[in-house]
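Source file model.txt; content: compact mmCIF, C-alpha atoms.
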# COMPACT_ATOMS: atom_id res chain seq x y z
CA MET A 1 -15.58 -23.35 25.24
CA ASP A 2 -12.64 -24.87 23.38
CA ASN A 3 -14.73 -27.95 22.57
CA LYS A 4 -17.50 -25.73 21.21
CA LYS A 5 -15.02 -23.86 19.03
CA THR A 6 -13.51 -27.13 17.83
CA ASN A 7 -16.92 -28.58 17.00
CA ARG A 8 -17.98 -25.38 15.23
CA ALA A 9 -14.77 -25.44 13.19
CA ALA A 10 -15.37 -29.11 12.32
CA LEU A 11 -18.98 -28.43 11.25
CA ILE A 12 -17.96 -25.53 9.01
CA GLY A 13 -14.90 -27.43 7.81
CA ALA A 14 -17.00 -30.49 6.90
CA ALA A 15 -19.39 -28.29 4.90
CA PHE A 16 -16.54 -26.68 2.96
CA LEU A 17 -14.73 -30.01 2.54
CA MET A 18 -17.79 -31.49 0.87
CA ALA A 19 -18.53 -28.34 -1.14
CA THR A 20 -14.99 -27.76 -2.38
CA SER A 21 -14.63 -31.45 -3.23
CA ALA A 22 -17.80 -31.11 -5.31
CA ILE A 23 -16.55 -27.97 -7.08
CA GLY A 24 -13.05 -29.12 -7.89
CA PRO A 25 -11.15 -28.60 -11.15
CA GLY A 26 -13.24 -31.36 -12.72
CA PHE A 27 -16.41 -29.34 -12.22
CA LEU A 28 -14.73 -26.20 -13.62
CA THR A 29 -13.63 -28.09 -16.73
CA GLN A 30 -16.98 -29.87 -17.10
CA THR A 31 -18.88 -26.58 -16.78
CA ALA A 32 -16.79 -24.89 -19.47
CA THR A 33 -17.03 -27.90 -21.78
CA PHE A 34 -20.78 -28.42 -21.44
CA THR A 35 -21.73 -24.73 -21.38
CA GLY A 36 -19.90 -24.43 -24.69
CA SER A 37 -21.92 -27.28 -26.23
CA LEU A 38 -25.29 -26.89 -24.46
CA GLY A 39 -25.42 -23.13 -23.84
CA SER A 40 -28.19 -21.96 -21.49
CA SER A 41 -29.62 -25.49 -21.32
CA PHE A 42 -26.69 -26.48 -19.10
CA GLY A 43 -28.61 -24.68 -16.34
CA PHE A 44 -31.06 -27.62 -16.41
CA VAL A 45 -28.18 -30.05 -15.88
CA ILE A 46 -26.98 -28.00 -12.91
CA LEU A 47 -30.51 -27.88 -11.45
CA ILE A 48 -30.96 -31.67 -11.69
CA SER A 49 -27.51 -32.34 -10.25
CA LEU A 50 -28.14 -29.91 -7.38
CA ILE A 51 -31.44 -31.56 -6.45
CA MET A 52 -30.02 -35.07 -6.67
CA SER A 53 -26.83 -34.21 -4.80
CA ALA A 54 -28.81 -32.50 -2.01
CA ILE A 55 -30.99 -35.59 -1.56
CA ALA A 56 -27.95 -37.89 -1.57
CA GLN A 57 -26.01 -35.74 0.91
CA LEU A 58 -28.90 -35.35 3.37
CA ASN A 59 -29.55 -39.11 3.38
CA ILE A 60 -25.94 -40.21 3.70
CA TRP A 61 -24.84 -37.62 6.28
CA ARG A 62 -27.88 -38.39 8.43
CA VAL A 63 -27.35 -42.17 8.45
CA LEU A 64 -23.58 -42.07 9.00
CA CYS A 65 -23.46 -39.33 11.62
CA TYR A 66 -26.42 -40.68 13.60
CA SER A 67 -24.91 -44.16 13.73
CA GLY A 68 -21.34 -42.87 14.13
CA LYS A 69 -20.18 -45.41 11.54
CA ARG A 70 -18.30 -44.73 8.33
CA GLY A 71 -19.77 -45.77 5.00
CA GLN A 72 -17.78 -48.99 4.66
CA ASP A 73 -18.61 -50.09 8.21
CA VAL A 74 -22.33 -49.58 7.59
CA ALA A 75 -22.05 -51.61 4.37
CA ASN A 76 -20.18 -54.43 6.16
CA GLU A 77 -22.87 -54.64 8.81
CA LEU A 78 -25.52 -54.94 6.11
CA LEU A 79 -23.68 -57.69 4.23
CA LYS A 80 -20.29 -59.08 5.17
CA GLY A 81 -17.75 -58.10 2.55
CA LEU A 82 -19.90 -55.37 1.00
CA GLY A 83 -18.00 -52.70 2.94
CA TYR A 84 -14.67 -53.93 1.60
CA PHE A 85 -16.07 -53.85 -1.94
CA LEU A 86 -17.44 -50.33 -1.44
CA ALA A 87 -14.18 -49.16 0.15
CA ALA A 88 -12.12 -50.54 -2.74
CA LEU A 89 -14.51 -49.04 -5.30
CA ILE A 90 -14.43 -45.59 -3.72
CA ALA A 91 -10.68 -45.66 -3.09
CA LEU A 92 -10.04 -46.54 -6.74
CA GLY A 93 -12.49 -43.87 -7.88
CA GLY A 94 -10.83 -41.44 -5.47
CA LEU A 95 -7.44 -42.25 -6.96
CA ALA A 96 -8.78 -41.55 -10.47
CA PHE A 97 -10.21 -38.27 -9.23
CA ASN A 98 -7.04 -37.35 -7.39
CA ILE A 99 -4.82 -38.00 -10.39
CA ALA A 100 -7.06 -35.61 -12.29
CA ASN A 101 -7.09 -33.13 -9.37
CA VAL A 102 -3.30 -32.97 -9.41
CA GLY A 103 -3.57 -32.30 -13.14
CA GLY A 104 -6.05 -29.56 -12.30
CA GLY A 105 -3.42 -28.01 -10.04
CA ALA A 106 -1.04 -28.00 -12.99
CA LEU A 107 -3.69 -26.24 -15.12
CA GLY A 108 -4.06 -23.62 -12.38
CA PHE A 109 -0.32 -22.99 -12.06
CA ASN A 110 0.00 -22.79 -15.82
CA ALA A 111 -2.72 -20.16 -16.21
CA LEU A 112 -1.55 -18.23 -13.14
CA PHE A 113 2.22 -18.23 -13.62
CA GLY A 114 2.90 -20.00 -16.93
CA ILE A 115 4.53 -22.94 -15.12
CA PRO A 116 4.91 -26.09 -17.31
CA ASP A 117 2.31 -28.75 -16.52
CA LYS A 118 4.65 -31.45 -15.17
CA ILE A 119 6.30 -29.01 -12.76
CA GLY A 120 2.85 -27.71 -11.80
CA CYS A 121 1.75 -31.27 -10.95
CA VAL A 122 4.70 -31.74 -8.60
CA ILE A 123 4.17 -28.38 -6.86
CA ALA A 124 0.43 -29.02 -6.39
CA GLY A 125 1.11 -32.45 -4.91
CA LEU A 126 3.81 -31.12 -2.57
CA LEU A 127 1.58 -28.29 -1.29
CA ALA A 128 -1.12 -30.81 -0.34
CA ILE A 129 1.43 -33.14 1.25
CA VAL A 130 2.82 -30.34 3.46
CA ILE A 131 -0.56 -30.02 5.20
CA PHE A 132 -0.58 -33.68 6.26
CA LEU A 133 2.95 -33.54 7.65
CA SER A 134 1.47 -31.69 10.65
CA LYS A 135 -0.04 -33.51 13.64
CA GLN A 136 -2.86 -30.93 13.50
CA ALA A 137 -3.62 -31.81 9.88
CA LYS A 138 -7.39 -32.13 10.29
CA SER A 139 -7.70 -28.69 11.93
CA ILE A 140 -5.54 -27.19 9.17
CA VAL A 141 -7.73 -28.86 6.53
CA ASP A 142 -10.83 -27.22 8.08
CA GLN A 143 -9.23 -23.77 7.70
CA VAL A 144 -7.61 -24.29 4.29
CA VAL A 145 -10.77 -25.50 2.52
CA LYS A 146 -12.77 -22.64 4.05
CA TYR A 147 -10.48 -19.83 2.88
CA LEU A 148 -9.74 -21.31 -0.55
CA GLY A 149 -13.48 -21.83 -1.08
CA ALA A 150 -14.16 -18.18 -0.24
CA ILE A 151 -11.50 -17.04 -2.73
CA MET A 152 -13.16 -19.07 -5.50
CA ILE A 153 -16.57 -17.51 -4.87
CA VAL A 154 -15.28 -13.93 -4.90
CA VAL A 155 -13.18 -14.32 -8.06
CA ILE A 156 -15.92 -16.10 -10.06
CA LEU A 157 -18.46 -13.45 -8.98
CA VAL A 158 -16.20 -10.65 -10.28
CA VAL A 159 -15.74 -12.37 -13.66
CA MET A 160 -19.49 -13.01 -13.93
CA PHE A 161 -20.19 -9.28 -13.63
CA ILE A 162 -17.63 -8.62 -16.39
CA THR A 163 -18.99 -11.18 -18.87
CA GLN A 164 -22.63 -10.04 -18.35
CA PRO A 165 -24.47 -13.30 -19.09
CA PRO A 166 -28.11 -13.41 -20.30
CA VAL A 167 -29.62 -14.27 -16.91
CA GLY A 168 -33.22 -14.35 -18.17
CA ASP A 169 -32.44 -16.87 -20.89
CA ALA A 170 -30.42 -18.96 -18.42
CA VAL A 171 -33.33 -19.07 -15.95
CA ARG A 172 -35.80 -20.02 -18.69
CA ASN A 173 -33.62 -22.86 -20.02
CA THR A 174 -32.88 -24.07 -16.51
CA PHE A 175 -36.52 -25.11 -16.15
CA VAL A 176 -37.44 -25.66 -19.83
CA PRO A 177 -34.25 -26.63 -21.69
CA SER A 178 -34.09 -26.11 -25.44
CA ALA A 179 -31.47 -28.84 -25.88
CA SER A 180 -32.60 -32.45 -26.42
CA MET A 181 -32.64 -34.93 -23.53
CA ASN A 182 -30.25 -37.19 -25.44
CA SER A 183 -27.60 -34.46 -25.30
CA LEU A 184 -28.39 -33.63 -21.66
CA PHE A 185 -28.11 -37.19 -20.26
CA PRO A 186 -24.31 -37.58 -20.68
CA ALA A 187 -23.83 -34.16 -19.07
CA ILE A 188 -26.06 -35.11 -16.11
CA LEU A 189 -24.11 -38.34 -15.56
CA THR A 190 -20.75 -36.58 -15.73
CA LEU A 191 -21.78 -33.69 -13.49
CA LEU A 192 -23.33 -36.05 -10.94
CA GLY A 193 -20.12 -38.06 -10.82
CA GLY A 194 -17.99 -34.94 -10.53
CA THR A 195 -20.09 -33.29 -7.82
CA VAL A 196 -21.60 -36.08 -5.71
CA GLY A 197 -20.16 -39.36 -6.99
CA GLY A 198 -17.53 -41.57 -5.44
CA TYR A 199 -15.82 -40.26 -2.32
CA ILE A 200 -17.41 -36.77 -2.49
CA THR A 201 -20.70 -37.79 -0.86
CA PHE A 202 -18.85 -39.11 2.17
CA ALA A 203 -16.21 -36.39 2.58
CA GLY A 204 -18.07 -34.16 5.04
CA ALA A 205 -19.76 -36.99 6.97
CA HIS A 206 -16.47 -38.82 7.57
CA ARG A 207 -14.89 -35.56 8.74
CA LEU A 208 -17.68 -35.11 11.31
CA ILE A 209 -17.33 -38.71 12.50
CA ASP A 210 -13.59 -38.14 13.02
CA ALA A 211 -14.45 -35.01 15.03
CA GLY A 212 -16.93 -36.93 17.19
CA VAL A 213 -20.00 -35.04 15.91
CA THR A 214 -22.30 -38.08 16.01
CA GLY A 215 -25.46 -39.39 17.64
CA GLU A 216 -29.06 -38.29 17.90
CA GLU A 217 -28.26 -35.18 19.95
CA ARG A 218 -25.98 -33.83 17.19
CA LEU A 219 -28.35 -34.54 14.28
CA ARG A 220 -29.54 -30.94 13.99
CA GLU A 221 -25.95 -29.69 13.70
CA VAL A 222 -25.17 -32.39 11.14
CA ASN A 223 -28.17 -31.38 9.02
CA ARG A 224 -27.17 -27.72 9.26
CA SER A 225 -23.61 -28.53 8.17
CA SER A 226 -24.79 -30.62 5.19
CA VAL A 227 -27.20 -27.88 4.05
CA MET A 228 -24.39 -25.31 4.36
CA GLY A 229 -22.18 -27.44 2.12
CA ILE A 230 -24.97 -27.87 -0.43
CA VAL A 231 -25.62 -24.09 -0.54
CA ILE A 232 -21.91 -23.26 -0.94
CA ALA A 233 -21.56 -25.72 -3.80
CA ALA A 234 -24.77 -24.42 -5.43
CA VAL A 235 -23.59 -20.79 -5.33
CA VAL A 236 -20.28 -21.61 -6.99
CA ARG A 237 -21.89 -23.82 -9.65
CA ILE A 238 -24.43 -21.16 -10.63
CA LEU A 239 -21.94 -18.27 -10.67
CA LEU A 240 -19.42 -20.22 -12.75
CA PHE A 241 -22.08 -21.33 -15.24
CA LEU A 242 -23.28 -17.73 -15.68
CA ALA A 243 -19.74 -16.36 -16.03
CA ILE A 244 -18.92 -18.81 -18.84
CA LEU A 245 -22.35 -18.50 -20.46
CA GLY A 246 -21.67 -14.79 -20.98
CA VAL A 247 -18.64 -15.75 -23.08
CA VAL A 248 -20.46 -18.46 -25.06
CA VAL A 249 -23.32 -16.09 -25.96
CA LYS A 250 -21.07 -13.15 -26.84
CA PHE A 251 -18.86 -15.28 -29.08
CA ALA A 252 -21.33 -17.61 -30.82
CA GLY A 253 -19.63 -20.71 -32.20
CA ILE A 254 -16.63 -20.53 -29.87
CA ASN A 255 -14.95 -23.84 -28.99
CA LEU A 256 -13.56 -23.57 -25.45
CA SER A 257 -11.83 -26.95 -25.64
CA THR A 258 -9.98 -26.20 -28.90
CA PRO A 259 -9.02 -22.49 -28.97
CA ALA A 260 -7.15 -22.86 -32.27
CA GLU A 261 -10.52 -23.31 -34.01
CA ASN A 262 -11.70 -19.86 -32.91
CA ALA A 263 -9.96 -17.82 -35.59
CA GLY A 264 -12.37 -15.17 -36.81
CA ILE A 265 -14.61 -15.56 -33.74
CA VAL A 266 -12.30 -14.18 -31.07
CA SER A 267 -10.15 -11.16 -31.89
CA GLU A 268 -6.37 -11.30 -31.42
CA ALA A 269 -6.65 -8.91 -28.47
CA TYR A 270 -8.60 -11.51 -26.51
CA SER A 271 -6.24 -14.39 -27.14
CA THR A 272 -2.80 -12.90 -26.54
CA GLY A 273 -2.57 -14.40 -23.05
CA TYR A 274 -3.43 -17.94 -24.11
CA ASN A 275 -0.52 -20.38 -23.78
CA GLY A 276 -1.78 -23.34 -25.81
CA ILE A 277 -2.57 -25.64 -22.86
CA SER A 278 -6.02 -27.31 -23.00
CA ASN A 279 -7.82 -25.49 -20.18
CA PRO A 280 -11.46 -24.70 -21.14
CA ALA A 281 -12.42 -22.82 -17.96
CA ALA A 282 -9.34 -20.56 -18.00
CA TYR A 283 -9.73 -19.91 -21.72
CA ALA A 284 -13.35 -18.83 -21.16
CA PHE A 285 -12.21 -16.33 -18.53
CA LEU A 286 -9.52 -15.03 -20.90
CA VAL A 287 -11.92 -14.51 -23.80
CA GLY A 288 -14.62 -12.99 -21.61
CA ALA A 289 -12.56 -10.63 -19.47
CA GLY A 290 -8.98 -10.48 -20.73
CA ASN A 291 -5.57 -11.48 -19.41
CA ILE A 292 -6.18 -10.49 -15.78
CA ALA A 293 -9.25 -12.74 -15.68
CA TYR A 294 -7.11 -15.52 -17.18
CA ARG A 295 -4.81 -15.23 -14.15
CA PHE A 296 -7.88 -15.14 -11.92
CA ALA A 297 -9.03 -18.37 -13.53
CA GLY A 298 -5.68 -19.90 -12.71
CA LEU A 299 -6.19 -18.91 -9.07
CA VAL A 300 -9.72 -20.40 -9.01
CA ILE A 301 -8.56 -23.67 -10.61
CA LEU A 302 -5.58 -23.88 -8.25
CA CYS A 303 -7.79 -23.36 -5.17
CA ALA A 304 -10.26 -25.94 -6.49
CA ALA A 305 -7.47 -28.41 -7.18
CA LEU A 306 -5.79 -28.11 -3.78
CA THR A 307 -9.05 -28.48 -1.85
CA SER A 308 -10.05 -31.45 -4.01
CA ILE A 309 -6.66 -33.16 -3.64
CA ILE A 310 -7.04 -32.82 0.14
CA GLY A 311 -10.65 -34.03 0.10
CA ALA A 312 -10.03 -36.99 -2.21
CA ALA A 313 -6.97 -38.24 -0.32
CA TYR A 314 -8.46 -37.74 3.14
CA THR A 315 -11.80 -39.42 2.33
CA SER A 316 -10.32 -42.26 0.26
CA VAL A 317 -7.95 -43.21 3.08
CA SER A 318 -10.82 -42.98 5.59
CA PHE A 319 -12.38 -45.86 3.61
CA LEU A 320 -9.15 -47.86 3.60
CA LYS A 321 -9.03 -47.82 7.43
CA THR A 322 -11.31 -50.86 7.38
CA PHE A 323 -8.66 -53.06 5.75
CA HIS A 324 -6.06 -52.92 8.56
CA PRO A 325 -5.62 -51.15 11.95
CA SER A 326 -2.19 -49.86 10.91
CA ILE A 327 -3.83 -47.67 8.26
CA GLU A 328 -5.81 -45.78 10.90
CA LYS A 329 -2.76 -45.59 13.15
CA ASN A 330 -0.65 -44.08 10.36
CA GLU A 331 -3.47 -42.20 8.62
CA ASN A 332 -1.48 -39.09 7.69
CA TRP A 333 1.31 -41.11 6.09
CA TRP A 334 -1.21 -43.09 4.04
CA ILE A 335 -2.77 -39.82 2.88
CA ILE A 336 0.68 -38.49 1.94
CA GLY A 337 1.38 -41.72 0.03
CA PHE A 338 -1.99 -41.47 -1.74
CA ILE A 339 -1.19 -37.92 -2.88
CA ALA A 340 2.36 -38.87 -3.91
CA VAL A 341 1.14 -41.78 -6.08
CA SER A 342 -1.53 -39.56 -7.68
CA THR A 343 1.09 -36.91 -8.44
CA LEU A 344 3.51 -39.42 -9.94
CA ILE A 345 0.85 -40.94 -12.22
CA MET A 346 -0.42 -37.55 -13.40
CA THR A 347 3.11 -36.32 -14.05
CA ILE A 348 3.71 -39.32 -16.31
CA LEU A 349 0.25 -39.44 -17.96
CA GLY A 350 -0.65 -35.80 -18.67
CA GLY A 351 -3.93 -34.84 -20.39
CA ALA A 352 -5.62 -33.39 -17.29
CA ALA A 353 -8.64 -31.77 -18.93
CA LYS A 354 -10.03 -34.95 -20.52
CA LEU A 355 -9.16 -37.08 -17.48
CA LEU A 356 -11.11 -34.67 -15.24
CA VAL A 357 -14.27 -35.18 -17.30
CA LEU A 358 -13.82 -38.97 -17.51
CA ALA A 359 -13.16 -39.30 -13.75
CA GLY A 360 -16.46 -37.57 -13.06
CA ALA A 361 -18.34 -39.92 -15.36
CA VAL A 362 -16.81 -43.07 -13.84
CA ASN A 363 -17.47 -41.93 -10.28
CA GLY A 364 -21.09 -41.21 -11.18
CA LEU A 365 -21.64 -44.97 -11.44
CA ILE A 366 -20.71 -45.36 -7.74
CA LEU A 367 -23.53 -43.09 -6.50
CA PRO A 368 -26.40 -45.62 -6.88
CA ILE A 369 -24.43 -48.19 -4.87
CA SER A 370 -23.27 -45.92 -2.04
CA LEU A 371 -26.61 -44.15 -1.61
CA GLY A 372 -28.49 -47.46 -1.89
CA VAL A 373 -26.42 -48.92 0.95
CA CYS A 374 -27.26 -45.99 3.23
CA LEU A 375 -30.98 -46.15 2.40
CA VAL A 376 -31.16 -49.85 3.29
CA ALA A 377 -29.19 -49.15 6.48
CA ALA A 378 -31.64 -46.37 7.42
CA LYS A 379 -34.33 -49.05 7.89
CA ASN A 380 -32.07 -51.50 9.73
CA LYS A 381 -32.59 -51.25 13.49
CA ARG A 382 -29.48 -53.33 14.20
CA ILE A 383 -27.40 -50.54 12.66
CA MET A 384 -29.43 -47.46 13.54
CA GLY A 385 -30.99 -48.52 16.86
CA GLU A 386 -34.60 -49.03 17.89
CA ASP A 387 -35.43 -45.32 18.26
CA TYR A 388 -34.19 -44.01 14.92
CA ARG A 389 -36.78 -42.80 12.41
CA HIS A 390 -35.66 -41.84 8.93
CA PRO A 391 -37.91 -39.19 7.31
CA THR A 392 -40.19 -40.92 4.81
CA TRP A 393 -39.98 -38.07 2.28
CA LEU A 394 -36.18 -38.19 2.35
CA PHE A 395 -36.15 -41.97 1.99
CA VAL A 396 -38.54 -41.92 -1.00
CA LEU A 397 -36.57 -39.15 -2.73
CA GLY A 398 -33.39 -41.13 -2.05
CA ILE A 399 -34.82 -44.18 -3.84
CA ILE A 400 -35.74 -41.98 -6.82
CA VAL A 401 -32.17 -40.63 -6.97
CA VAL A 402 -30.75 -44.18 -6.87
CA LEU A 403 -33.00 -45.28 -9.74
CA VAL A 404 -32.37 -42.15 -11.83
CA ALA A 405 -28.60 -42.24 -11.22
CA ALA A 406 -28.47 -45.93 -12.14
CA TYR A 407 -30.54 -45.40 -15.30
CA VAL A 408 -28.59 -42.33 -16.42
CA GLY A 409 -25.31 -44.09 -15.67
CA VAL A 410 -26.11 -47.20 -17.71
CA THR A 411 -27.79 -45.47 -20.68
CA SER A 412 -25.14 -42.76 -20.99
CA LEU A 413 -22.05 -44.96 -20.94
CA GLY A 414 -22.19 -45.43 -24.68
CA ASN A 415 -22.37 -41.67 -25.24
CA LEU A 416 -19.27 -40.76 -23.21
CA ALA A 417 -17.09 -41.02 -26.31
CA ASN A 418 -18.92 -37.96 -27.67
CA LEU A 419 -17.32 -35.88 -24.88
CA PHE A 420 -13.98 -36.19 -26.61
Show me the file's structure as structure tokens.
Amino acid sequence: MDNKKTNRAALIGAAFLMATSAIGPGFLTQTATFTGSLGSSFGFVILISLIMSAIAQLNIWRVLCYSGKRGQDVANELLKGLGYFLAALIALGGLAFNIANVGGGALGFNALFGIPDKIGCVIAGLLAIVIFLSKQAKSIVDQVVKYLGAIMIVVILVVMFITQPPVGDAVRNTFVPSASMNSLFPAILTLLGGTVGGYITFAGAHRLIDAGVTGEERLREVNRSSVMGIVIAAVVRILLFLAILGVVVKFAGINLSTPAENAGIVSEAYSTGYNGISNPAAYAFLVGAGNIAYRFAGLVILCAALTSIIGAAYTSVSFLKTFHPSIEKNENWWIIGFIAVSTLIMTILGGAAKLLVLAGAVNGLILPISLGVCLVAAKNKRIMGEDYRHPTWLFVLGIIVVLVAAYVGVTSLGNLANLF
């Protein structure tokens, strides 16, 4: 009975770990930034990213959990040294993400309590470190990401009802966007990187491998857990987009990234709670629903930041285990060190909002490589065994995602400067 409860907790925890990693402070900032510039057409970007992330997750979780091997080990078995390259790439991308996630924690503390950003960075980092000081860290992670994820959903839902977005227009533009494809491509790249790029794709699968949920007999549970994570992430993405869209439509011409430019658009009554820190998502909540919603936004961003700090550090270190046995033996201390370094860099650097968007774009370039590795492995009997059969439809869709992600990544690199 205890094993069943433990496995159930791991399955739910893996789903929330993946989902909350995908809907971190980077996604909140990206959504506010792009909804402000693309309006209802951003729904199309969300739809494409949801479809592509679902295909990527289902492929990767299935291959890793069936084989019981982490991403870097699968890559090493395909080609000696490839796993080390992939591990280094994802760990570096995870560090970039985590630096930004710590900055996201500072944004949350600032909107919630008015705490200065550097102090907020330190507090966010310390809160995440405390979890990994426990010997039961992985069980605590399963619970923390679940409850913080639930808080985010409830708060965003409340604000969405207050801002009253044009749902019909959003649905129409989600399938037939009015914005040009040239303006949508950079947003697709950035959102893909922020929601399924880099370490994020592997977060839930590596958690299940650590919990021993592997092999053919557990494949149905693995699929159920991955679908649960995809649905959770989808709900939050859609609700947040609608909540911010209500603000963008009501205050035409508003610039969420530069509130000082909104004189004459937003009345003084709506901007009294703003503290001057660049925080597009929180500012949207403030304008749309007042000072209380601004504090709510701080809570959402803080929850997103803490879960993403945990997810980035945990998954990045799970890739580093390949380099030396001592890393696996002292896993918690490596995770603590990873968080501490991220916190120190963010405290010195600053500029969290822009770094969050850039980290997503850079990590989007990792997706074609990581998914490609798993697709090749799916057809390799030495890795998967003689009896394994990968669904043809999932394999074909996976190839399409690799090609699209690679194309979007390469063609959009030159346009990233426009984000700033």
Discussion item. Distance cut-off 8 Å, centre (-28.9, -39.1, 13.2) in file coordinates, counting only C-alpha atoms: which residues qualify? Return them as number ranges by chain.
Written reply: A: 62-67, 214-219, 222, 388
Worksheet item: Which residue gives the smallest distance to Thr190 (chain A) among A:Gly108, A:Pro165, A:Gly26, A:Gly43, with all atoms listed in the file counted?
Response: A:Gly26
Discussion item. So, with only C-alpha atoms as the atoms that count, which of A:Gly290, A:Val236, A:Asn98, A:Leu133 lies closest to Trp334 (chain A)?
Written reply: A:Leu133
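We find CA of Ile366 (chain A) and CA of Gly198 (chain A) to be spaced 5.5 Å apart.
CA of Arg237 (chain A) is positioned 26.1 Å from CA of Gly114 (chain A).
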Discussion item. Around (-31.8, -47.3, -10.1), as given in the file, which residues come within 12 Å? Count only C-alpha atoms and list them as a PyMOL selection string.
Written reply: chain A and resi 365-372+397-411
Serialized selection, C-alpha atoms, as an mmCIF file, in the coordinates of the input:
data_model
loop_
_atom_site.group_PDB
_atom_site.id
_atom_site.type_symbol
_atom_site.label_atom_id
_atom_site.label_comp_id
_atom_site.auth_asym_id
_atom_site.auth_seq_id
_atom_site.Cartn_x
_atom_site.Cartn_y
_atom_site.Cartn_z
ATOM 1 C CA LEU A 365 -21.640 -44.970 -11.440
ATOM 2 C CA ILE A 366 -20.710 -45.360 -7.740
ATOM 3 C CA LEU A 367 -23.530 -43.090 -6.500
ATOM 4 C CA PRO A 368 -26.400 -45.620 -6.880
ATOM 5 C CA ILE A 369 -24.430 -48.190 -4.870
ATOM 6 C CA SER A 370 -23.270 -45.920 -2.040
ATOM 7 C CA LEU A 371 -26.610 -44.150 -1.610
ATOM 8 C CA GLY A 372 -28.490 -47.460 -1.890
ATOM 9 C CA LEU A 397 -36.570 -39.150 -2.730
ATOM 10 C CA GLY A 398 -33.390 -41.130 -2.050
ATOM 11 C CA ILE A 399 -34.820 -44.180 -3.840
ATOM 12 C CA ILE A 400 -35.740 -41.980 -6.820
ATOM 13 C CA VAL A 401 -32.170 -40.630 -6.970
ATOM 14 C CA VAL A 402 -30.750 -44.180 -6.870
ATOM 15 C CA LEU A 403 -33.000 -45.280 -9.740
ATOM 16 C CA VAL A 404 -32.370 -42.150 -11.830
ATOM 17 C CA ALA A 405 -28.600 -42.240 -11.220
ATOM 18 C CA ALA A 406 -28.470 -45.930 -12.140
ATOM 19 C CA TYR A 407 -30.540 -45.400 -15.300
ATOM 20 C CA VAL A 408 -28.590 -42.330 -16.420
ATOM 21 C CA GLY A 409 -25.310 -44.090 -15.670
ATOM 22 C CA VAL A 410 -26.110 -47.200 -17.710
ATOM 23 C CA THR A 411 -27.790 -45.470 -20.680
#
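Computed from the coordinates, the CA of Gly93 (chain A) to CA of Thr29 (chain A) distance equals 18.1 Å.
Between Thr33 (chain A) and the residues A:Ile115, A:Val158, A:Ile254, A:Met384, the shortest atom-to-atom distance, using all atoms listed in the file, involves A:Ile254.
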Item to complete: Could you tell me which of A:Gly337, A:Gly212, A:Gly246, A:Pro391 comes closest to Val130 (chain A) if we count only C-alpha atoms?
Response: A:Gly337
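Proximity of A:Leu239, A:Trp61, A:Thr392, A:Asp387 to Arg220 (chain A), computed with only C-alpha atoms, is greatest for A:Trp61.
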Worksheet item: Nearest to Ile51 (chain A) among A:Ala313, A:Ile209, A:Trp393, A:Ala234, with distances taken over only C-alpha atoms: which residue is it?
Response: A:Ala234
Worksheet item: Excluding same-chain residues fewer than 4 positions from region 14-22 of chain A, what lies within 8 Å of it counting all atoms listed in the file, as a VMD selection string?
Response: chain A and resid 10 27 142 145 to 146 149 194 to 196 200 to 205 207 to 208 225 to 230 232 to 233 304 307 to 308 311 to 312
